[in-house]
>>> print(open('final.cif').read())   # mmCIF, C-alpha atoms and all ligand atoms
data_work
#
loop_
_atom_site.label_atom_id
_atom_site.label_comp_id
_atom_site.auth_asym_id
_atom_site.auth_seq_id
_atom_site.Cartn_x
_atom_site.Cartn_y
_atom_site.Cartn_z
CA MET A 795 -11.63 8.98 25.56
CA ARG A 796 -12.66 8.08 22.04
CA SER A 797 -10.27 7.85 19.09
CA GLU A 798 -11.33 11.23 17.66
CA THR A 799 -10.32 12.91 20.92
CA LEU A 800 -7.15 10.90 21.47
CA ALA A 801 -6.01 11.78 17.95
CA LEU A 802 -6.01 15.45 19.01
CA HIS A 803 -4.86 15.29 22.62
CA GLY A 804 -3.15 11.93 23.25
CA GLY A 805 0.28 12.31 24.86
CA TYR A 806 0.29 16.11 25.14
CA ARG A 807 -1.00 18.90 27.35
CA PRO A 808 0.11 22.49 26.62
CA ASP A 809 3.81 22.71 27.36
CA ILE A 810 4.53 23.67 30.99
CA GLY A 811 7.14 26.31 30.14
CA THR A 812 5.74 27.99 27.02
CA LYS A 813 2.05 26.94 27.14
CA SER A 814 2.41 26.12 23.44
CA ILE A 815 -0.81 24.57 22.17
CA ALA A 816 0.93 22.87 19.24
CA VAL A 817 3.50 20.21 20.08
CA PRO A 818 6.90 21.97 19.91
CA VAL A 819 9.53 20.65 17.48
CA HIS A 820 12.51 19.73 19.63
CA GLN A 821 15.13 19.86 16.90
CA THR A 822 18.00 18.74 19.10
CA VAL A 823 20.44 15.88 19.17
CA ALA A 824 21.40 15.83 22.84
CA TYR A 825 20.16 16.84 26.31
CA ALA A 826 22.14 18.40 29.14
CA PHE A 827 22.92 16.28 32.21
CA ASP A 828 22.67 17.83 35.67
CA SER A 829 25.78 15.91 36.69
CA ALA A 830 27.88 12.87 35.88
CA GLU A 831 25.61 10.86 38.19
CA HIS A 832 22.49 12.05 36.34
CA GLY A 833 24.01 11.03 32.98
CA ALA A 834 24.94 7.62 34.37
CA ALA A 835 21.44 7.09 35.78
CA LEU A 836 19.94 7.88 32.36
CA PHE A 837 22.32 5.48 30.64
CA ASP A 838 21.54 2.78 33.21
CA LEU A 839 17.81 3.28 32.42
CA GLU A 840 17.36 4.11 36.13
CA ALA A 841 16.23 7.73 35.58
CA GLU A 842 13.46 8.88 33.20
CA GLY A 843 14.43 11.48 30.64
CA PHE A 844 16.18 12.20 27.39
CA ARG A 845 19.85 11.64 26.62
CA TYR A 846 20.35 11.44 22.85
CA SER A 847 17.79 11.71 20.04
CA ARG A 848 18.72 8.37 18.47
CA ILE A 849 17.06 6.85 21.53
CA LYS A 850 14.29 9.29 22.46
CA ASN A 851 13.21 12.82 21.53
CA PRO A 852 10.46 14.92 23.22
CA THR A 853 8.52 15.59 19.96
CA THR A 854 8.74 11.97 18.85
CA ASP A 855 7.80 10.97 22.40
CA VAL A 856 4.42 12.74 22.02
CA LEU A 857 3.84 10.95 18.71
CA GLU A 858 4.73 7.64 20.38
CA GLN A 859 2.28 8.24 23.21
CA ARG A 860 -0.43 9.29 20.77
CA VAL A 861 -0.05 6.23 18.56
CA ALA A 862 0.10 3.99 21.65
CA VAL A 863 -3.18 5.29 23.09
CA LEU A 864 -4.89 5.14 19.69
CA GLU A 865 -3.91 1.48 19.31
CA GLY A 866 -4.63 0.68 22.97
CA GLY A 867 -1.02 -0.23 23.82
CA VAL A 868 1.24 0.48 26.79
CA GLY A 869 3.98 2.07 24.71
CA ALA A 870 5.25 2.72 21.20
CA LEU A 871 8.47 3.36 19.33
CA CYS A 872 8.31 5.58 16.24
CA VAL A 873 10.96 5.07 13.57
CA ALA A 874 11.89 6.36 10.13
CA SER A 875 9.48 4.27 8.06
CA GLY A 876 6.86 1.54 8.28
CA GLN A 877 9.39 -0.91 6.89
CA ALA A 878 11.83 -0.13 9.70
CA ALA A 879 9.01 -0.57 12.22
CA LEU A 880 8.08 -4.04 11.12
CA HIS A 881 11.72 -5.07 10.81
CA TYR A 882 12.34 -3.90 14.39
CA ALA A 883 9.22 -5.63 15.72
CA VAL A 884 10.41 -8.96 14.34
CA ALA A 885 14.14 -8.54 14.94
CA ASN A 886 13.48 -7.71 18.60
CA ILE A 887 12.34 -11.28 19.31
CA VAL A 888 14.20 -13.60 16.91
CA GLU A 889 17.64 -15.14 16.74
CA ALA A 890 19.33 -17.22 14.02
CA GLY A 891 17.56 -20.57 13.73
CA ASP A 892 14.12 -19.17 14.60
CA ASN A 893 11.18 -18.76 12.25
CA LEU A 894 7.97 -16.79 11.84
CA VAL A 895 4.71 -17.97 10.44
CA THR A 896 2.91 -15.62 8.11
CA VAL A 897 0.18 -15.18 5.51
CA PRO A 898 0.68 -14.91 1.75
CA GLN A 899 -1.19 -11.60 1.53
CA LEU A 900 1.52 -9.12 2.46
CA TYR A 901 2.76 -5.78 1.20
CA GLY A 902 5.48 -6.54 -1.38
CA THR A 903 8.47 -5.18 0.56
CA THR A 904 7.41 -7.05 3.69
CA HIS A 905 7.35 -10.19 1.58
CA THR A 906 10.84 -9.30 0.33
CA LEU A 907 12.12 -8.71 3.88
CA PHE A 908 10.79 -12.08 5.01
CA SER A 909 11.90 -14.00 1.91
CA PHE A 910 15.28 -12.45 1.16
CA LEU A 911 16.79 -10.50 4.09
CA LEU A 912 15.76 -12.47 7.20
CA PRO A 913 16.90 -15.83 5.74
CA LYS A 914 20.39 -14.37 5.26
CA LEU A 915 20.39 -13.70 9.02
CA GLY A 916 19.28 -17.26 9.75
CA VAL A 917 15.60 -16.49 10.32
CA THR A 918 13.03 -18.07 8.03
CA ALA A 919 9.46 -17.11 7.22
CA LYS A 920 6.95 -19.88 6.67
CA PHE A 921 4.19 -18.73 4.36
CA ALA A 922 0.76 -20.33 4.73
CA GLU A 923 -1.34 -20.98 1.63
CA THR A 924 -4.16 -18.75 2.93
CA ASP A 925 -4.90 -16.45 5.87
CA ARG A 926 -6.94 -19.07 7.80
CA ALA A 927 -5.95 -19.66 11.44
CA ALA A 928 -5.88 -23.46 11.03
CA GLU A 929 -3.41 -23.19 8.14
CA LEU A 930 -1.14 -20.91 10.13
CA GLU A 931 -1.29 -23.31 13.07
CA ARG A 932 -0.09 -26.22 10.94
CA LEU A 933 3.18 -24.35 10.27
CA ILE A 934 4.05 -23.59 13.90
CA ASP A 935 6.97 -25.57 15.34
CA ASN A 936 9.21 -25.26 18.38
CA LYS A 937 11.37 -22.67 16.60
CA THR A 938 8.44 -20.38 15.75
CA ARG A 939 8.70 -17.04 17.51
CA ALA A 940 5.74 -15.07 16.10
CA ILE A 941 2.79 -15.05 13.74
CA PHE A 942 2.79 -12.01 11.46
CA ILE A 943 -0.29 -10.78 9.56
CA GLU A 944 -1.74 -7.63 8.01
CA SER A 945 -5.15 -6.84 9.55
CA VAL A 946 -6.30 -5.77 6.08
CA GLY A 947 -3.95 -7.04 3.38
CA ASN A 948 -2.34 -4.71 0.84
CA PRO A 949 -3.45 -5.02 -1.92
CA ALA A 950 -5.49 -8.23 -1.47
CA GLY A 951 -8.01 -6.49 0.79
CA ASN A 952 -8.38 -9.74 2.78
CA ILE A 953 -9.30 -9.35 6.43
CA CYS A 954 -7.58 -11.66 8.88
CA ASP A 955 -9.63 -13.22 11.65
CA ILE A 956 -7.44 -11.67 14.32
CA GLU A 957 -9.28 -13.18 17.28
CA ASP A 958 -8.90 -16.73 15.94
CA ILE A 959 -5.28 -16.22 14.92
CA ALA A 960 -4.39 -14.66 18.31
CA GLN A 961 -5.87 -17.67 20.07
CA ILE A 962 -3.76 -20.03 17.97
CA ALA A 963 -0.64 -17.95 18.61
CA HIS A 964 -1.19 -17.91 22.35
CA LYS A 965 -1.99 -21.63 22.46
CA HIS A 966 1.53 -22.19 21.08
CA GLY A 967 3.15 -19.55 23.30
CA VAL A 968 4.04 -17.05 20.57
CA PRO A 969 2.91 -13.44 20.03
CA LEU A 970 0.75 -12.18 17.19
CA ILE A 971 2.22 -9.21 15.31
CA VAL A 972 -0.27 -7.25 13.18
CA ASP A 973 0.47 -4.64 10.51
CA ASN A 974 -2.50 -2.27 10.92
CA THR A 975 -1.51 0.22 8.21
CA VAL A 976 -4.49 -0.15 5.87
CA ALA A 977 -7.16 -0.33 8.59
CA THR A 978 -5.71 2.29 11.00
CA PRO A 979 -6.80 2.29 14.66
CA ILE A 980 -9.79 4.38 13.61
CA LEU A 981 -11.40 1.37 11.94
CA LEU A 982 -9.81 -1.49 13.86
CA ARG A 983 -7.70 -1.95 16.99
CA PRO A 984 -6.04 -5.37 16.69
CA MET A 985 -5.11 -5.38 20.39
CA ASP A 986 -8.81 -5.40 21.31
CA TRP A 987 -8.90 -8.82 19.62
CA GLY A 988 -5.77 -10.29 21.18
CA ALA A 989 -2.87 -8.95 19.05
CA ASP A 990 0.32 -8.52 21.07
CA ILE A 991 2.30 -6.15 18.85
CA VAL A 992 0.96 -3.73 16.23
CA VAL A 993 3.06 -2.09 13.53
CA GLN A 994 2.02 0.83 11.39
CA SER A 995 3.33 2.66 8.38
CA LEU A 996 2.52 6.20 9.58
CA THR A 997 3.42 7.29 6.04
CA LYS A 998 -0.09 6.29 4.93
CA PHE A 999 -3.45 7.23 6.48
CA MET A 1000 -2.05 8.34 9.83
CA GLY A 1001 0.11 11.12 8.33
CA GLY A 1002 -2.42 11.24 5.56
CA HIS A 1003 -1.00 13.89 3.24
CA GLY A 1004 1.75 12.08 1.39
CA THR A 1005 4.48 14.30 2.83
CA THR A 1006 6.22 12.26 5.50
CA MET A 1007 7.69 8.79 6.02
CA GLY A 1008 7.35 7.19 9.45
CA GLY A 1009 6.55 3.97 11.23
CA ALA A 1010 5.45 2.78 14.65
CA VAL A 1011 5.82 -0.36 16.74
CA VAL A 1012 3.19 -0.58 19.49
CA ASP A 1013 3.34 -2.94 22.46
CA SER A 1014 0.14 -4.25 24.08
CA GLY A 1015 2.08 -5.13 27.22
CA ASN A 1016 0.17 -8.41 27.35
CA PHE A 1017 2.60 -11.03 26.07
CA PRO A 1018 4.31 -12.90 28.97
CA TRP A 1019 7.88 -12.97 27.57
CA ASP A 1020 9.34 -14.09 30.88
CA LYS A 1021 7.09 -17.18 30.89
CA TYR A 1022 9.11 -18.51 27.93
CA PRO A 1023 12.77 -17.84 28.82
CA ASP A 1024 14.05 -20.48 26.39
CA LYS A 1025 12.20 -18.94 23.46
CA TYR A 1026 12.75 -15.28 24.32
CA PRO A 1027 16.02 -15.17 26.29
CA MET A 1028 16.48 -11.51 25.32
CA PHE A 1029 13.94 -10.56 28.00
CA SER A 1030 15.01 -12.91 30.77
CA VAL A 1031 18.78 -13.22 30.50
CA PRO A 1032 21.02 -10.38 31.82
CA ASP A 1033 21.83 -8.12 28.84
CA GLU A 1034 25.57 -7.62 28.57
CA SER A 1035 25.10 -4.48 26.49
CA TYR A 1036 23.24 -2.98 29.44
CA HIS A 1037 25.39 -3.91 32.43
CA GLY A 1038 23.42 -7.07 33.03
CA LEU A 1039 19.96 -5.47 32.92
CA ILE A 1040 17.11 -7.99 32.68
CA PHE A 1041 14.46 -6.35 30.51
CA SER A 1042 11.43 -8.24 31.86
CA ALA A 1043 12.43 -7.74 35.47
CA HIS A 1044 13.27 -4.06 34.97
CA PHE A 1045 10.40 -2.95 32.74
CA GLY A 1046 7.60 -5.44 33.38
CA ARG A 1047 4.83 -4.91 30.84
CA THR A 1048 6.85 -2.53 28.67
CA ALA A 1049 9.85 -4.88 28.32
CA PHE A 1050 9.26 -5.49 24.58
CA ILE A 1051 9.04 -1.85 23.52
CA GLU A 1052 11.81 -0.69 25.86
CA ARG A 1053 14.14 -3.32 24.43
CA CYS A 1054 13.13 -2.32 20.92
CA ARG A 1055 14.18 1.24 21.75
CA SER A 1056 17.15 0.75 24.06
CA PHE A 1057 18.72 -2.19 22.30
CA TYR A 1058 17.54 -2.27 18.71
CA GLN A 1059 17.04 1.37 17.82
CA ARG A 1060 20.03 2.51 19.90
CA ILE A 1061 22.29 0.19 17.91
CA THR A 1062 20.78 0.35 14.41
CA GLY A 1063 19.44 3.94 14.51
CA SER A 1064 16.51 4.12 12.10
CA VAL A 1065 15.42 7.35 13.76
CA LEU A 1066 12.39 9.47 12.90
CA SER A 1067 13.34 13.15 12.66
CA PRO A 1068 11.55 15.42 15.18
CA PHE A 1069 10.20 17.51 12.30
CA ASN A 1070 8.69 14.42 10.71
CA ALA A 1071 7.18 13.50 14.08
CA PHE A 1072 5.63 16.98 14.16
CA LEU A 1073 4.21 16.60 10.63
CA LEU A 1074 2.81 13.16 11.47
CA LEU A 1075 1.15 14.62 14.60
CA GLN A 1076 -0.53 17.26 12.39
CA GLY A 1077 -1.83 14.50 10.16
CA ILE A 1078 -3.07 12.35 13.02
CA GLU A 1079 -5.18 15.22 14.37
CA THR A 1080 -7.59 14.70 11.47
CA VAL A 1081 -7.19 10.98 10.82
CA ALA A 1082 -10.65 10.08 12.14
CA LEU A 1083 -12.37 12.64 9.90
CA ARG A 1084 -10.36 11.68 6.87
CA VAL A 1085 -10.86 7.94 7.31
CA GLU A 1086 -14.61 8.48 7.60
CA ARG A 1087 -14.59 10.29 4.23
CA HIS A 1088 -12.19 7.76 2.63
CA VAL A 1089 -14.57 4.96 3.65
CA ALA A 1090 -17.70 6.77 2.41
CA ASN A 1091 -16.08 7.64 -0.93
CA ALA A 1092 -14.78 4.08 -1.38
CA ALA A 1093 -18.31 2.67 -1.07
CA ILE A 1094 -19.51 5.05 -3.82
CA ILE A 1095 -16.53 4.36 -6.11
CA ALA A 1096 -16.78 0.58 -5.67
CA LYS A 1097 -20.46 0.69 -6.64
CA PHE A 1098 -19.68 2.81 -9.70
CA LEU A 1099 -16.93 0.44 -10.84
CA LYS A 1100 -19.06 -2.65 -10.29
CA GLN A 1101 -21.83 -1.47 -12.61
CA HIS A 1102 -19.48 -0.17 -15.34
CA PRO A 1103 -19.61 -2.40 -18.45
CA LYS A 1104 -15.85 -2.16 -19.07
CA VAL A 1105 -14.92 -3.28 -15.55
CA GLN A 1106 -14.65 -7.05 -15.28
CA TRP A 1107 -14.19 -7.43 -11.56
CA VAL A 1108 -13.99 -5.31 -8.40
CA ASN A 1109 -12.52 -6.47 -5.10
CA TYR A 1110 -14.15 -4.47 -2.31
CA ALA A 1111 -14.93 -6.13 1.02
CA GLY A 1112 -17.98 -3.92 1.51
CA PHE A 1113 -19.96 -5.90 -1.11
CA ASP A 1114 -22.16 -8.51 0.54
CA ASP A 1115 -20.94 -11.20 -1.89
CA ASN A 1116 -17.29 -10.60 -0.93
CA PRO A 1117 -15.84 -13.52 1.10
CA TYR A 1118 -14.61 -11.09 3.75
CA TYR A 1119 -17.93 -9.26 4.15
CA GLY A 1120 -18.65 -11.02 7.48
CA LEU A 1121 -15.25 -10.03 8.86
CA VAL A 1122 -15.86 -6.41 7.78
CA GLN A 1123 -18.89 -6.45 10.07
CA LYS A 1124 -16.98 -8.11 12.92
CA TYR A 1125 -13.72 -6.15 12.83
CA LEU A 1126 -14.40 -2.92 10.97
CA GLY A 1127 -17.92 -2.15 12.16
CA GLY A 1128 -19.17 -2.52 8.58
CA ARG A 1129 -16.73 0.14 7.28
CA ALA A 1130 -14.78 -1.51 4.48
CA CYS A 1131 -11.39 0.13 3.80
CA SER A 1132 -10.71 2.53 0.96
CA LEU A 1133 -8.26 0.29 -0.87
CA ILE A 1134 -10.08 -1.12 -3.90
CA THR A 1135 -8.68 -3.32 -6.65
CA PHE A 1136 -10.26 -3.91 -10.04
CA GLY A 1137 -9.62 -5.29 -13.50
CA VAL A 1138 -10.93 -4.01 -16.82
CA GLU A 1139 -11.62 -5.77 -20.10
CA GLY A 1140 -8.55 -6.30 -22.23
CA GLY A 1141 -6.45 -7.69 -19.34
CA LEU A 1142 -3.02 -6.15 -18.71
CA ASP A 1143 -3.16 -4.11 -21.91
CA GLY A 1144 -6.61 -2.74 -21.14
CA GLY A 1145 -5.65 -2.00 -17.55
CA THR A 1146 -2.52 -0.13 -18.66
CA LYS A 1147 -4.58 2.05 -21.03
CA VAL A 1148 -7.06 3.00 -18.30
CA TYR A 1149 -4.25 3.59 -15.81
CA ASN A 1150 -2.42 5.85 -18.25
CA ALA A 1151 -5.60 7.84 -18.93
CA PHE A 1152 -6.18 9.00 -15.33
CA GLU A 1153 -6.07 12.77 -15.04
CA LEU A 1154 -7.12 13.48 -11.45
CA ILE A 1155 -6.20 10.16 -9.87
CA VAL A 1156 -2.45 10.16 -9.36
CA ARG A 1157 -0.33 7.26 -10.65
CA CYS A 1158 2.10 6.37 -7.85
CA VAL A 1159 2.97 3.72 -5.26
CA ASN A 1160 1.52 5.23 -2.13
CA LEU A 1161 -1.78 4.75 -0.34
CA GLY A 1162 -3.68 6.56 2.37
CA ASP A 1163 -2.98 10.03 0.96
CA ALA A 1164 -5.89 12.50 1.11
CA LYS A 1165 -5.66 12.47 -2.70
CA SER A 1166 -6.91 9.56 -4.79
CA LEU A 1167 -4.00 7.42 -5.97
CA ALA A 1168 -3.66 4.39 -8.21
CA CYS A 1169 -0.92 1.87 -8.77
CA HIS A 1170 -0.23 -1.25 -10.77
CA PRO A 1171 1.08 -3.68 -8.11
CA ALA A 1172 2.39 -6.38 -10.50
CA SER A 1173 4.90 -4.01 -12.10
CA THR A 1174 5.76 -1.97 -8.98
CA THR A 1175 5.11 -2.81 -5.30
CA HIS A 1176 4.97 -6.59 -5.85
CA ARG A 1177 7.38 -6.77 -8.80
CA GLN A 1178 10.06 -8.75 -6.93
CA MET A 1179 7.68 -11.64 -6.24
CA SER A 1180 7.32 -14.72 -8.44
CA ALA A 1181 4.10 -15.06 -10.46
CA GLU A 1182 2.98 -17.77 -8.02
CA SER A 1183 3.66 -15.62 -4.92
CA GLN A 1184 1.93 -12.67 -6.60
CA LYS A 1185 -1.12 -14.83 -7.16
CA ARG A 1186 -1.19 -15.98 -3.53
CA ALA A 1187 -0.74 -12.35 -2.41
CA GLY A 1188 -3.86 -11.45 -4.39
CA VAL A 1189 -2.01 -9.67 -7.22
CA SER A 1190 -3.01 -10.34 -10.83
CA PRO A 1191 -1.26 -8.92 -13.93
CA GLU A 1192 -4.12 -6.62 -14.90
CA MET A 1193 -5.01 -5.43 -11.38
CA ILE A 1194 -5.29 -1.71 -10.69
CA ARG A 1195 -5.15 -0.77 -7.01
CA MET A 1196 -6.89 2.41 -6.04
CA SER A 1197 -6.51 4.26 -2.77
CA VAL A 1198 -9.70 6.30 -2.74
CA GLY A 1199 -9.09 9.86 -1.53
CA ILE A 1200 -11.27 12.47 0.13
CA GLU A 1201 -12.05 14.60 -2.94
CA HIS A 1202 -15.71 15.00 -3.91
CA SER A 1203 -16.79 11.55 -5.07
CA ASP A 1204 -18.37 13.02 -8.25
CA ASP A 1205 -14.95 14.24 -9.36
CA ILE A 1206 -13.29 10.86 -8.74
CA ILE A 1207 -16.07 9.16 -10.69
CA ALA A 1208 -15.74 11.67 -13.55
CA ASP A 1209 -12.04 10.78 -13.85
CA LEU A 1210 -12.69 7.03 -13.74
CA LYS A 1211 -15.45 7.44 -16.33
CA GLN A 1212 -13.35 9.41 -18.79
CA ALA A 1213 -10.44 6.97 -18.38
CA LEU A 1214 -12.62 3.89 -18.86
CA GLU A 1215 -14.64 5.30 -21.71
CA GLY A 1216 -11.86 7.18 -23.51
CA ALA A 1217 -9.44 4.26 -23.64
CA ARG A 1218 -9.90 1.71 -26.45
CA LEU A 1219 -9.63 -1.41 -24.36
CA CYS A 1220 -9.87 -4.26 -26.87
N1 LIG B 1301 2.96 -2.05 5.56
C1 LIG B 1301 2.07 -1.86 4.58
C2 LIG B 1301 0.76 -2.58 4.63
C3 LIG B 1301 2.36 -0.98 3.54
O1 LIG B 1301 1.45 -0.80 2.57
C4 LIG B 1301 3.61 -0.32 3.52
C5 LIG B 1301 3.97 0.58 2.41
O2 LIG B 1301 3.26 0.69 1.44
C6 LIG B 1301 4.51 -0.58 4.55
C7 LIG B 1301 4.16 -1.44 5.56
C8 LIG B 1301 5.86 0.07 4.58
O3 LIG B 1301 5.72 1.40 4.99
P1 LIG B 1301 6.77 2.55 4.59
O4 LIG B 1301 6.59 2.83 3.15
O5 LIG B 1301 6.40 3.67 5.52
O6 LIG B 1301 8.13 2.00 4.89
#
>>> encode(input="final.cif", output="structure tokens")
Amino acid sequence: MRSETLALHGGYRPDIGTKSIAVPVHQTVAYAFDSAEHGAALFDLEAEGFRYSRIKNPTTDVLEQRVAVLEGGVGALCVASGQAALHYAVANIVEAGDNLVTVPQLYGTTHTLFSFLLPKLGVTAKFAETDRAAELERLIDNKTRAIFIESVGNPAGNICDIEDIAQIAHKHGVPLIVDNTVATPILLRPMDWGADIVVQSLTKFMGGHGTTMGGAVVDSGNFPWDKYPDKYPMFSVPDESYHGLIFSAHFGRTAFIERCRSFYQRITGSVLSPFNAFLLLQGIETVALRVERHVANAAIIAKFLKQHPKVQWVNYAGFDDNPYYGLVQKYLGGRACSLITFGVEGGLDGGTKVYNAFELIVRCVNLGDAKSLACHPASTTHRQMSAESQKRAGVSPEMIRMSVGIEHSDDIIADLKQALEGARLC
């Protein structure tokens, strides 16, 4: 089935007992055991089923199946936020002394996680100068355990050459982890190009209405963890916390995601509430329609900004002079994403005046809402980074980042026009 259909039906057929068409909200903590033996079998991961909602919940389970089929994976784990998802994806495969290789164009908090939290746990992130595969390859050593990229960088709007980077990763026996938040599986499925693990902030386009936090880790099932027992002992060595269970032997292709759930989430508990899973499922039902409109509106808005005399530059990968235009054709089917950045005359001061003059476009630090939003990355999402890191991440002091919504494009343009023309920029 195609994405539009999977977004509506993936992971759920009308409930056997009630015939409920909508996915029921299973607002429960625990599940009754038939017997002591049944409980033990569930805890030994021998029987399928639910035992405690920190580990698995029937509503969240539908969301997990839906996100997994949309991304083309064998399984998913949904957690409380995108940030928790990408932390889990990395933490599931590293130990103190290991490192990851990554690109400079990352969402600010991801950069903070890699630069400030992981090093305290003995795991370092090696940042390449650019997103080119050859540069990433130069940083790989025998302690590297993954390459981490954003398919479309926030806010840089760069598009990583996933196929090339996956080949490099696999040549060196490490997985490629891709944050697919900005692109969504509607525009791009990184696993079709060789990615091993995909993470998503469901808070953004997938939920789509700015109401609900959530994140997903999706497993392609393709990375051969057991081929590298010295690098990834967590899959090949008997796990003492699970009575000697060997994840690769027990779960085969789903070893990564099952360990993420049964080891990492069970112990650290960044659980998505069933009600939030329900809200995210409502959002996902229309994600394909919304993304289509986001993309169409973004093309119109980018064109408007480019011709406006007070706008000095516009970064939109849909322009044929943009360095990533070729990769938009290859990976996004020509549909550039709806995250646009631009700078106006008057630098930071001019940008602040325009930003403060928006009336319809909402000033906030979210993206992927149905509503048009704008933020000033240098003072908010990327504030913790040094000026040099900001520059490499594609953030300049005057930059305004716009997440183009699904309103009528004439109304978005009217707001941009009044803000640009009403503000005295110089
Ligand atoms: N990844 C990207 C690309 C993001 O833009 C964000 C948030 O803006 C996150 C991850 C983190 O997601 P969340 O806010 O759901 O924790």
>>> residues_near_ligand(input="final.cif", ligand="ligand LIG 1301 (chain B)", cutoff="8 Å", atoms="all atoms listed in the file", output="VMD selection string")
chain A and resid 874 to 880 900 to 901 903 to 904 944 946 to 949 973 to 976 993 to 998 1007 to 1009 1159 to 1161 1175
>>> closest_residue(input="final.cif", among="A:Pro818, A:Gly988, A:Gly1162, A:Pro1018", to="A:Leu1133", atoms="all atoms listed in the file")
A:Gly1162
>>> closest_residue(input="final.cif", among="A:Ala1096, A:Leu1073, A:Val897, A:Ala960", to="A:Ala816", atoms="only C-alpha atoms")
A:Leu1073
>>> closest_residue(input="final.cif", among="A:Phe837, A:Phe827, A:Tyr1119, A:Phe999", to="A:Glu1079", atoms="only C-alpha atoms")
A:Phe999
>>> closest_residue(input="final.cif", among="A:Cys872, A:Ala940, A:Ala826, A:Leu864", to="A:Gly1063", atoms="all atoms listed in the file")
A:Cys872
>>> closest_residue(input="final.cif", among="A:Val1148, A:Val992, A:Ala1082, A:Leu1154", to="A:Ile1194", atoms="all atoms listed in the file")
A:Val1148
>>> closest_residue(input="final.cif", among="A:Glu1182, A:Glu923, A:Asp1163, A:Asp809", to="A:Gly1002", atoms="all atoms listed in the file")
A:Asp1163
>>> atom_distance(input="final.cif", atom1="atom CA of A:Pro1103", atom2="atom CA of A:Glu1086")
28.7 Å
>>> atom_distance(input="final.cif", atom1="atom CA of A:Ser909", atom2="atom CA of A:Val1012")
23.8 Å
>>> atom_distance(input="final.cif", atom1="atom CA of A:Asp1020", atom2="atom CA of A:Val895")
21.3 Å
>>> decode(input="final.cif", residues="stretch 1145-1159 of chain A", atoms="N, CA and C atoms", output="PDB file, in the first residue's frame")
ATOM      1  N   GLY A1145      15.971  42.031  10.811  1.00  0.00           N
ATOM      2  CA  GLY A1145      15.270  40.757  10.958  1.00  0.00           C
ATOM      3  C   GLY A1145      14.354  40.768  12.170  1.00  0.00           C
ATOM      4  N   THR A1146      14.846  41.348  13.273  1.00  0.00           N
ATOM      5  CA  THR A1146      14.043  41.395  14.506  1.00  0.00           C
ATOM      6  C   THR A1146      12.780  42.231  14.275  1.00  0.00           C
ATOM      7  N   LYS A1147      12.923  43.330  13.534  1.00  0.00           N
ATOM      8  CA  LYS A1147      11.755  44.194  13.291  1.00  0.00           C
ATOM      9  C   LYS A1147      10.690  43.456  12.470  1.00  0.00           C
ATOM     10  N   VAL A1148      11.146  42.737  11.437  1.00  0.00           N
ATOM     11  CA  VAL A1148      10.181  42.003  10.607  1.00  0.00           C
ATOM     12  C   VAL A1148       9.523  40.901  11.448  1.00  0.00           C
ATOM     13  N   TYR A1149      10.358  40.199  12.191  1.00  0.00           N
ATOM     14  CA  TYR A1149       9.872  39.086  13.027  1.00  0.00           C
ATOM     15  C   TYR A1149       8.806  39.586  14.019  1.00  0.00           C
ATOM     16  N   ASN A1150       9.091  40.738  14.622  1.00  0.00           N
ATOM     17  CA  ASN A1150       8.152  41.279  15.607  1.00  0.00           C
ATOM     18  C   ASN A1150       6.862  41.800  14.972  1.00  0.00           C
ATOM     19  N   ALA A1151       6.900  42.023  13.655  1.00  0.00           N
ATOM     20  CA  ALA A1151       5.723  42.606  12.988  1.00  0.00           C
ATOM     21  C   ALA A1151       4.743  41.545  12.453  1.00  0.00           C
ATOM     22  N   PHE A1152       5.119  40.264  12.537  1.00  0.00           N
ATOM     23  CA  PHE A1152       4.190  39.231  12.039  1.00  0.00           C
ATOM     24  C   PHE A1152       2.879  39.279  12.825  1.00  0.00           C
ATOM     25  N   GLU A1153       1.784  39.135  12.099  1.00  0.00           N
ATOM     26  CA  GLU A1153       0.481  39.118  12.776  1.00  0.00           C
ATOM     27  C   GLU A1153      -0.181  37.750  12.673  1.00  0.00           C
ATOM     28  N   LEU A1154      -0.087  37.144  11.481  1.00  0.00           N
ATOM     29  CA  LEU A1154      -0.682  35.808  11.295  1.00  0.00           C
ATOM     30  C   LEU A1154       0.361  34.735  11.634  1.00  0.00           C
ATOM     31  N   ILE A1155       1.526  34.907  11.105  1.00  0.00           N
ATOM     32  CA  ILE A1155       2.610  33.925  11.324  1.00  0.00           C
ATOM     33  C   ILE A1155       2.995  33.968  12.804  1.00  0.00           C
ATOM     34  N   VAL A1156       3.007  32.799  13.424  1.00  0.00           N
ATOM     35  CA  VAL A1156       3.196  32.759  14.878  1.00  0.00           C
ATOM     36  C   VAL A1156       4.684  32.684  15.232  1.00  0.00           C
ATOM     37  N   ARG A1157       5.115  33.547  16.156  1.00  0.00           N
ATOM     38  CA  ARG A1157       6.506  33.512  16.635  1.00  0.00           C
ATOM     39  C   ARG A1157       6.628  32.410  17.697  1.00  0.00           C
ATOM     40  N   CYS A1158       7.345  31.351  17.380  1.00  0.00           N
ATOM     41  CA  CYS A1158       7.559  30.278  18.370  1.00  0.00           C
ATOM     42  C   CYS A1158       8.646  29.340  17.866  1.00  0.00           C
ATOM     43  N   VAL A1159       9.033  28.358  18.728  1.00  0.00           N
ATOM     44  CA  VAL A1159      10.098  27.442  18.314  1.00  0.00           C
ATOM     45  C   VAL A1159       9.554  26.061  17.971  1.00  0.00           C
TER      46      VAL A1159
END
